[in-house]
file model-v4.txt (compact mmCIF, C-alpha atoms)
# COMPACT_ATOMS: atom_id res chain seq x y z
CA MET I 1 -1.31 24.30 1.76
CA ASP I 2 -4.66 23.32 0.23
CA TRP I 3 -3.55 23.21 -3.40
CA LYS I 4 -0.32 21.50 -2.37
CA LEU I 5 -2.35 18.69 -0.79
CA SER I 6 -4.32 18.33 -4.03
CA LEU I 7 -1.06 18.21 -5.98
CA ALA I 8 0.25 15.50 -3.65
CA GLY I 9 -3.01 13.59 -4.13
CA LEU I 10 -2.74 13.95 -7.89
CA LEU I 11 0.80 12.56 -7.92
CA ILE I 12 -0.19 9.61 -5.71
CA GLY I 13 -3.26 9.00 -7.88
CA LEU I 14 -1.23 8.98 -11.08
CA LEU I 15 1.29 6.60 -9.51
CA VAL I 16 -1.39 4.14 -8.47
CA GLY I 17 -3.33 4.51 -11.72
CA THR I 18 -0.35 3.91 -13.99
CA THR I 19 1.52 1.30 -11.97
CA GLY I 20 -1.07 -0.18 -9.59
CA MET I 21 1.21 0.17 -6.57
CA GLY I 22 2.61 2.44 -3.91
CA GLY I 23 -0.15 4.92 -3.05
CA GLY I 24 -1.41 3.83 0.34
CA SER I 25 1.86 3.55 2.18
CA LEU I 26 3.37 6.74 0.74
CA MET I 27 0.64 9.16 1.80
CA THR I 28 1.08 8.97 5.58
CA PRO I 29 4.84 9.71 5.65
CA LEU I 30 4.20 12.44 3.07
CA LEU I 31 1.68 14.10 5.38
CA VAL I 32 4.07 13.86 8.34
CA LEU I 33 7.41 14.71 6.72
CA VAL I 34 6.31 17.24 4.07
CA PHE I 35 3.12 18.83 5.46
CA GLY I 36 3.90 18.62 9.18
CA PHE I 37 0.82 16.68 10.30
CA LYS I 38 0.82 15.03 13.71
CA PRO I 39 1.37 11.28 13.15
CA SER I 40 -1.95 10.35 14.78
CA VAL I 41 -3.90 12.76 12.55
CA ALA I 42 -1.92 11.77 9.43
CA ILE I 43 -2.77 8.12 10.05
CA GLY I 44 -6.51 8.75 10.41
CA THR I 45 -6.63 11.16 7.47
CA ASP I 46 -4.75 8.75 5.21
CA ILE I 47 -7.07 5.87 6.12
CA VAL I 48 -10.26 7.83 5.34
CA HIS I 49 -8.70 9.17 2.13
CA GLY I 50 -7.61 5.65 1.16
CA ALA I 51 -11.07 4.22 1.79
CA ILE I 52 -12.65 6.63 -0.71
CA PHE I 53 -9.69 6.62 -3.08
CA LYS I 54 -9.39 2.83 -3.36
CA SER I 55 -13.13 2.34 -3.80
CA PHE I 56 -12.81 3.50 -7.41
CA GLY I 57 -10.20 0.83 -8.12
CA ALA I 58 -12.19 -1.79 -6.19
CA ILE I 59 -15.31 -1.23 -8.30
CA GLN I 60 -13.30 -1.43 -11.50
CA HIS I 61 -11.56 -4.68 -10.52
CA ARG I 62 -14.86 -6.21 -9.42
CA ARG I 63 -16.38 -5.45 -12.82
CA LEU I 64 -13.38 -7.02 -14.53
CA GLY I 65 -13.77 -10.23 -12.48
CA HIS I 66 -10.41 -9.80 -10.72
CA VAL I 67 -11.75 -10.23 -7.17
CA HIS I 68 -11.82 -13.51 -5.22
CA LEU I 69 -14.83 -12.73 -3.03
CA ARG I 70 -14.58 -15.72 -0.69
CA LEU I 71 -10.93 -15.02 0.07
CA THR I 72 -11.81 -11.37 0.65
CA ALA I 73 -14.56 -12.36 3.09
CA TRP I 74 -12.28 -14.62 5.14
CA MET I 75 -9.59 -11.93 5.36
CA LEU I 76 -12.20 -9.37 6.41
CA LEU I 77 -13.34 -11.72 9.17
CA GLY I 78 -10.03 -11.06 10.90
CA SER I 79 -9.07 -7.64 9.56
CA ILE I 80 -12.15 -5.56 10.38
CA PRO I 81 -12.44 -6.34 14.12
CA PHE I 82 -8.68 -6.09 14.65
CA SER I 83 -8.50 -2.81 12.73
CA PHE I 84 -10.93 -1.46 15.33
CA LEU I 85 -8.58 -2.78 18.00
CA GLY I 86 -5.66 -0.94 16.39
CA VAL I 87 -7.69 2.29 16.13
CA GLY I 88 -8.82 1.89 19.73
CA LEU I 89 -5.27 1.38 20.98
CA GLY I 90 -4.08 4.48 19.15
CA TRP I 91 -7.01 6.50 20.54
CA TRP I 92 -6.34 5.27 24.11
CA LEU I 93 -2.63 6.08 23.87
CA THR I 94 -3.43 9.57 22.57
CA LYS I 95 -5.89 10.20 25.43
CA ARG I 96 -3.54 8.70 27.98
CA TYR I 97 -0.34 10.48 26.97
CA GLY I 98 -1.55 13.43 24.87
CA ASP I 99 1.04 15.06 22.65
CA GLY I 100 3.68 12.89 24.30
CA TYR I 101 2.33 9.97 22.30
CA GLU I 102 3.04 11.68 18.98
CA ASP I 103 6.77 10.92 19.18
CA THR I 104 5.97 7.29 19.94
CA ALA I 105 3.43 7.21 17.11
CA LYS I 106 6.10 8.53 14.75
CA ILE I 107 8.46 5.70 15.76
CA ILE I 108 5.72 3.07 15.41
CA LEU I 109 4.84 4.44 11.97
CA GLY I 110 8.51 4.48 10.99
CA VAL I 111 9.03 0.84 11.99
CA ALA I 112 5.88 -0.16 10.10
CA LEU I 113 7.14 1.64 7.00
CA VAL I 114 10.53 -0.09 7.19
CA LEU I 115 8.85 -3.51 7.46
CA CYS I 116 6.44 -2.57 4.68
CA GLY I 117 9.32 -1.47 2.46
CA LEU I 118 11.19 -4.73 3.07
CA GLY I 119 8.01 -6.65 2.23
CA PHE I 120 7.69 -4.66 -0.98
CA LEU I 121 11.28 -5.58 -1.83
CA VAL I 122 10.57 -9.28 -1.26
CA LYS I 123 7.60 -9.02 -3.63
CA ALA I 124 9.90 -7.55 -6.28
CA TYR I 125 11.99 -10.73 -6.41
CA LEU I 126 9.29 -13.27 -5.63
CA HIS I 127 7.66 -15.34 -8.36
CA THR I 128 5.09 -18.08 -7.76
CA ALA I 129 3.23 -20.45 -10.04
CA SER I 130 -0.36 -19.42 -10.71
CA ASP I 131 -3.20 -20.15 -13.07
CA ASP I 132 -6.64 -18.79 -13.84
CA ARG I 133 -8.60 -21.86 -12.78
CA PRO I 134 -11.22 -21.44 -10.01
CA PHE I 135 -9.48 -21.49 -6.62
CA ILE I 136 -11.53 -23.22 -3.91
CA LEU I 137 -10.47 -22.36 -0.37
CA GLY I 138 -9.62 -25.27 1.92
CA ARG I 139 -9.56 -25.20 5.72
CA ARG I 140 -5.86 -24.29 5.74
CA ASP I 141 -6.44 -21.48 3.23
CA LYS I 142 -9.25 -20.03 5.34
CA GLY I 143 -7.04 -20.15 8.43
CA ILE I 144 -4.22 -18.32 6.65
CA ALA I 145 -6.68 -15.71 5.39
CA VAL I 146 -8.11 -15.03 8.87
CA VAL I 147 -4.69 -14.86 10.55
CA THR I 148 -3.47 -12.52 7.82
CA GLY I 149 -6.52 -10.37 8.43
CA VAL I 150 -5.89 -10.28 12.18
CA VAL I 151 -2.27 -9.15 11.83
CA GLY I 152 -2.79 -6.85 8.85
CA GLY I 153 -5.98 -5.31 10.21
CA PHE I 154 -4.36 -4.40 13.53
CA VAL I 155 -1.33 -2.86 11.78
CA VAL I 156 -3.53 -0.86 9.39
CA GLY I 157 -5.76 0.42 12.19
CA LEU I 158 -2.78 1.54 14.27
CA THR I 159 -0.47 2.88 11.55
CA SER I 160 -2.45 3.08 8.23
CA VAL I 161 0.42 1.14 6.61
CA GLY I 162 0.18 -2.29 5.02
CA SER I 163 -3.33 -2.43 3.57
CA GLY I 164 -1.76 -3.46 0.27
CA THR I 165 1.69 -4.83 1.02
CA VAL I 166 0.85 -7.19 3.91
CA PHE I 167 -2.15 -8.81 2.25
CA GLY I 168 -0.67 -8.77 -1.25
CA LEU I 169 2.53 -10.45 -0.08
CA VAL I 170 0.66 -13.25 1.73
CA MET I 171 -1.62 -13.85 -1.26
CA LEU I 172 1.40 -13.98 -3.53
CA ILE I 173 3.06 -16.62 -1.35
CA ALA I 174 0.12 -18.67 -0.06
CA PHE I 175 -2.51 -18.76 -2.81
CA PRO I 176 -2.32 -19.85 -6.49
CA LEU I 177 -3.86 -16.68 -7.91
CA THR I 178 -3.01 -14.80 -11.08
CA ALA I 179 -1.35 -11.39 -10.73
CA ALA I 180 -4.60 -9.68 -11.80
CA LYS I 181 -6.61 -11.48 -9.10
CA ILE I 182 -4.00 -10.72 -6.43
CA VAL I 183 -4.12 -7.03 -7.28
CA GLY I 184 -7.92 -6.96 -7.61
CA THR I 185 -8.59 -8.89 -4.40
CA ASP I 186 -6.01 -6.80 -2.57
CA ILE I 187 -7.58 -3.48 -3.60
CA PHE I 188 -11.15 -4.69 -3.02
CA HIS I 189 -10.28 -5.94 0.47
CA ALA I 190 -8.30 -2.77 1.24
CA ALA I 191 -11.24 -0.52 0.29
CA ILE I 192 -13.58 -2.30 2.73
CA LEU I 193 -10.98 -2.57 5.49
CA LEU I 194 -10.03 1.11 5.23
CA ALA I 195 -13.70 2.11 5.28
CA ALA I 196 -14.14 0.25 8.57
CA ALA I 197 -10.91 1.59 10.09
CA GLY I 198 -11.72 5.07 8.78
CA ALA I 199 -15.08 5.00 10.56
CA GLY I 200 -13.19 4.17 13.76
CA HIS I 201 -10.81 7.09 13.27
CA LEU I 202 -13.73 9.44 12.56
CA VAL I 203 -15.29 8.44 15.88
CA ALA I 204 -11.93 8.89 17.61
CA GLY I 205 -11.59 12.37 16.11
CA SER I 206 -8.22 11.73 14.46
CA VAL I 207 -9.19 12.76 10.91
CA ASP I 208 -8.64 16.12 9.22
CA LEU I 209 -11.67 16.15 6.92
CA THR I 210 -10.61 19.34 5.14
CA ALA I 211 -7.24 17.81 4.25
CA THR I 212 -8.98 14.62 3.15
CA ALA I 213 -11.21 16.58 0.77
CA TRP I 214 -8.26 18.44 -0.77
CA LEU I 215 -6.33 15.18 -1.22
CA LEU I 216 -9.31 13.65 -3.01
CA VAL I 217 -9.55 16.64 -5.36
CA GLY I 218 -6.22 15.49 -6.79
CA SER I 219 -6.12 11.73 -6.18
CA VAL I 220 -9.48 10.73 -7.69
CA PRO I 221 -8.90 12.29 -11.12
CA GLY I 222 -5.27 11.18 -10.89
CA VAL I 223 -6.14 7.50 -10.52
CA LEU I 224 -8.82 7.71 -13.24
CA ILE I 225 -6.44 9.42 -15.68
CA GLY I 226 -3.54 7.15 -14.78
CA GLY I 227 -5.67 4.06 -15.31
CA ARG I 228 -6.14 5.04 -18.95
CA PHE I 229 -2.44 5.48 -19.58
CA THR I 230 -0.84 2.45 -18.00
CA VAL I 231 2.92 2.83 -18.16
CA ARG I 232 4.78 -0.22 -19.41
CA LEU I 233 7.79 0.03 -17.13
CA PRO I 234 9.73 -2.80 -15.49
CA ASP I 235 7.73 -3.96 -12.48
CA ARG I 236 10.85 -4.94 -10.52
CA SER I 237 12.50 -1.54 -10.92
CA LEU I 238 9.33 0.22 -9.74
CA ARG I 239 9.03 -2.04 -6.73
CA ILE I 240 12.68 -1.50 -5.78
CA VAL I 241 12.26 2.28 -5.95
CA LEU I 242 9.03 2.20 -3.94
CA ALA I 243 10.49 -0.23 -1.40
CA ALA I 244 13.47 2.07 -0.93
CA THR I 245 11.19 5.10 -0.58
CA LEU I 246 9.08 3.44 2.10
CA THR I 247 12.09 2.07 3.99
CA LEU I 248 14.03 5.33 3.94
CA ALA I 249 10.93 7.31 4.96
CA GLY I 250 10.59 4.93 7.90
CA VAL I 251 14.23 5.45 8.86
CA LYS I 252 13.70 9.22 8.68
CA LEU I 253 10.70 9.01 11.01
CA VAL I 254 12.49 6.78 13.55
CA ASP I 255 15.63 8.96 13.21
CA PRO I 256 18.19 6.57 14.76
CA PRO I 257 21.85 7.58 15.23
CA GLY I 258 23.52 7.87 11.83
CA ALA I 259 20.18 8.17 10.04
CA ASN I 260 21.56 10.56 7.42
CA ILE I 261 24.30 8.10 6.45
CA VAL I 262 21.73 5.31 6.22
CA LEU I 263 19.52 7.48 4.00
CA ILE I 264 22.36 8.32 1.61
CA CYS I 265 23.71 4.77 1.40
CA GLY I 266 20.22 3.30 1.04
CA ALA I 267 19.34 5.69 -1.77
CA VAL I 268 22.56 4.84 -3.64
CA VAL I 269 22.09 1.07 -3.27
CA ALA I 270 18.43 1.30 -4.33
CA ALA I 271 19.34 3.40 -7.38
CA ILE I 272 21.97 0.87 -8.47
CA ALA I 273 19.58 -2.09 -7.96
CA ALA I 274 16.82 -0.33 -9.89
CA LEU I 275 19.18 0.51 -12.76
CA VAL I 276 20.38 -3.11 -12.94
CA ALA I 277 16.78 -4.37 -13.01
CA PHE I 278 15.90 -1.81 -15.68
CA ALA I 279 18.91 -2.81 -17.81
CA ARG I 280 17.93 -6.48 -17.65
CA TRP I 281 14.32 -5.64 -18.55
CA PHE I 282 15.45 -3.47 -21.47
CA ALA I 283 17.82 -6.20 -22.72
CA ALA I 284 15.05 -8.81 -22.48
CA ARG I 285 12.72 -6.57 -24.51
CA GLY I 286 15.30 -6.31 -27.26
CA THR I 287 15.81 -10.07 -27.58
CA PRO I 288 12.57 -10.91 -29.51
CA ARG I 289 13.16 -8.09 -31.97
CA VAL I 290 16.68 -9.36 -32.72
CA ALA I 291 15.34 -12.88 -33.18
CA GLU I 292 12.68 -11.64 -35.59
CA ALA I 293 15.28 -9.75 -37.62
CA ASP I 294 17.47 -12.84 -37.87
CA THR I 295 14.61 -15.01 -39.10
CA GLY I 296 13.64 -12.45 -41.73

call {"tool": "encode", "arguments": {"input": "model-v4.txt", "output": "structure tokens"}}
result
Amino acid sequence: MDWKLSLAGLLIGLLVGTTGMGGGSLMTPLLVLVFGFKPSVAIGTDIVHGAIFKSFGAIQHRRLGHVHLRLTAWMLLGSIPFSFLGVGLGWWLTKRYGDGYEDTAKIILGVALVLCGLGFLVKAYLHTASDDRPFILGRRDKGIAVVTGVVGGFVVGLTSVGSGTVFGLVMLIAFPLTAAKIVGTDIFHAAILLAAAGAGHLVAGSVDLTATAWLLVGSVPGVLIGGRFTVRLPDRSLRIVLAATLTLAGVKLVDPPGANIVLICGAVVAAIAALVAFARWFAARGTPRVAEADTG
């Protein structure tokens, strides 16, 4: 299993490095559904792995000036303490109910993935006005940042899901930041938040350190290599595919009646939507070249 974990880490690292999205939320369901980890251990392992893994991206974005430090600080004011609360609740439920909690943890994780996938889908079709001028936080902005941290931090501590999607979606809607600063601030904040939550999971004993090490063997070089070969693919198509993956993984974990039908129908609908988005992107790319040919 060791080399398979490294291979999974490499694939996730390449995905994040080349596209800048999708790694954090995919690892936990991968550990549960493919490698058979207990949900509680998969959550803790993913958080510690993510803390180390995302630190490389955080440092890079900080050097590039893509991090809004004041916004990060206000989000951390809510996210760090409430991530400890989420970790503590998960630890208490595990101690209280033992292995009986694992089925409940799987359902909680599944619901979080479905919501995360839907949020990812909203981001795919959401466009907001932004500019690169200095953004000074007002009282309302600080309040939004803290509340976002409270909700997102608790969800991350309990499920490991949402360190990117929850905060990225709110920043996209609420703050006039460029895409680069949203991504940079999101990753920088996630690295610190996951480090705090990961420390909590280490204390709670819900981390497989051997698995974490093998994941890092693949994911760290993967993200570094992927960052040098950024793939110019349609952002919307990628987000649709990732949103579908997260949502369907959540449905699989919850396993409601008719889950197999939902999985098949969802995969078909997502494939059609992604192909339509790709076709529009490809057609839009061809338009300038046609115009240039006509003017020549």

call {"tool": "residues_around", "arguments": {"input": "model-v4.txt", "residues": "region 91-101 of chain I", "least_positions_apart": "6", "cutoff": "9 Å", "atoms": "only C-alpha atoms", "output": "PyMOL selection string"}}
result
chain I and resi 38+40+201+204-206

call {"tool": "residues_around", "arguments": {"input": "model-v4.txt", "residues": "Gly57 (chain I)", "least_positions_apart": "3", "cutoff": "12 Å", "atoms": "all atoms listed in the file", "output": "mmCIF file with C-alpha atoms, keeping the file's coordinate frame"}}
result
data_model
loop_
_atom_site.group_PDB
_atom_site.id
_atom_site.type_symbol
_atom_site.label_atom_id
_atom_site.label_comp_id
_atom_site.auth_asym_id
_atom_site.auth_seq_id
_atom_site.Cartn_x
_atom_site.Cartn_y
_atom_site.Cartn_z
ATOM 1 C CA GLY I 13 -3.260 9.000 -7.880
ATOM 2 C CA VAL I 16 -1.390 4.140 -8.470
ATOM 3 C CA GLY I 17 -3.330 4.510 -11.720
ATOM 4 C CA THR I 18 -0.350 3.910 -13.990
ATOM 5 C CA GLY I 20 -1.070 -0.180 -9.590
ATOM 6 C CA MET I 21 1.210 0.170 -6.570
ATOM 7 C CA GLY I 23 -0.150 4.920 -3.050
ATOM 8 C CA GLY I 50 -7.610 5.650 1.160
ATOM 9 C CA ALA I 51 -11.070 4.220 1.790
ATOM 10 C CA ILE I 52 -12.650 6.630 -0.710
ATOM 11 C CA PHE I 53 -9.690 6.620 -3.080
ATOM 12 C CA LYS I 54 -9.390 2.830 -3.360
ATOM 13 C CA GLN I 60 -13.300 -1.430 -11.500
ATOM 14 C CA HIS I 61 -11.560 -4.680 -10.520
ATOM 15 C CA ARG I 62 -14.860 -6.210 -9.420
ATOM 16 C CA ARG I 63 -16.380 -5.450 -12.820
ATOM 17 C CA LEU I 64 -13.380 -7.020 -14.530
ATOM 18 C CA HIS I 66 -10.410 -9.800 -10.720
ATOM 19 C CA VAL I 67 -11.750 -10.230 -7.170
ATOM 20 C CA VAL I 183 -4.120 -7.030 -7.280
ATOM 21 C CA GLY I 184 -7.920 -6.960 -7.610
ATOM 22 C CA THR I 185 -8.590 -8.890 -4.400
ATOM 23 C CA ASP I 186 -6.010 -6.800 -2.570
ATOM 24 C CA ILE I 187 -7.580 -3.480 -3.600
ATOM 25 C CA PHE I 188 -11.150 -4.690 -3.020
ATOM 26 C CA HIS I 189 -10.280 -5.940 0.470
ATOM 27 C CA ALA I 190 -8.300 -2.770 1.240
ATOM 28 C CA ALA I 191 -11.240 -0.520 0.290
ATOM 29 C CA ILE I 192 -13.580 -2.300 2.730
ATOM 30 C CA SER I 219 -6.120 11.730 -6.180
ATOM 31 C CA VAL I 220 -9.480 10.730 -7.690
ATOM 32 C CA PRO I 221 -8.900 12.290 -11.120
ATOM 33 C CA GLY I 222 -5.270 11.180 -10.890
ATOM 34 C CA VAL I 223 -6.140 7.500 -10.520
ATOM 35 C CA LEU I 224 -8.820 7.710 -13.240
ATOM 36 C CA GLY I 226 -3.540 7.150 -14.780
ATOM 37 C CA GLY I 227 -5.670 4.060 -15.310
#

call {"tool": "closest_residue", "arguments": {"input": "model-v4.txt", "among": "I:Tyr125, I:Phe37, I:Phe82, I:Trp74", "to": "Ala105 (chain I)", "atoms": "only C-alpha atoms"}}
result
I:Phe37

call {"tool": "residues_around", "arguments": {"input": "model-v4.txt", "residues": "Val32 (chain I)", "least_positions_apart": "5", "cutoff": "9 Å", "atoms": "only C-alpha atoms", "output": "ChimeraX atom specification"}}
result
/I:27,37-39,42,106,253

call {"tool": "residues_around", "arguments": {"input": "model-v4.txt", "residues": "Leu246 (chain I)", "least_positions_apart": "4", "cutoff": "12 Å", "atoms": "only C-alpha atoms", "output": "ChimeraX atom specification"}}
result
/I:22-30,109-121,161-162,165,239-242,250-253,263,266-267,270
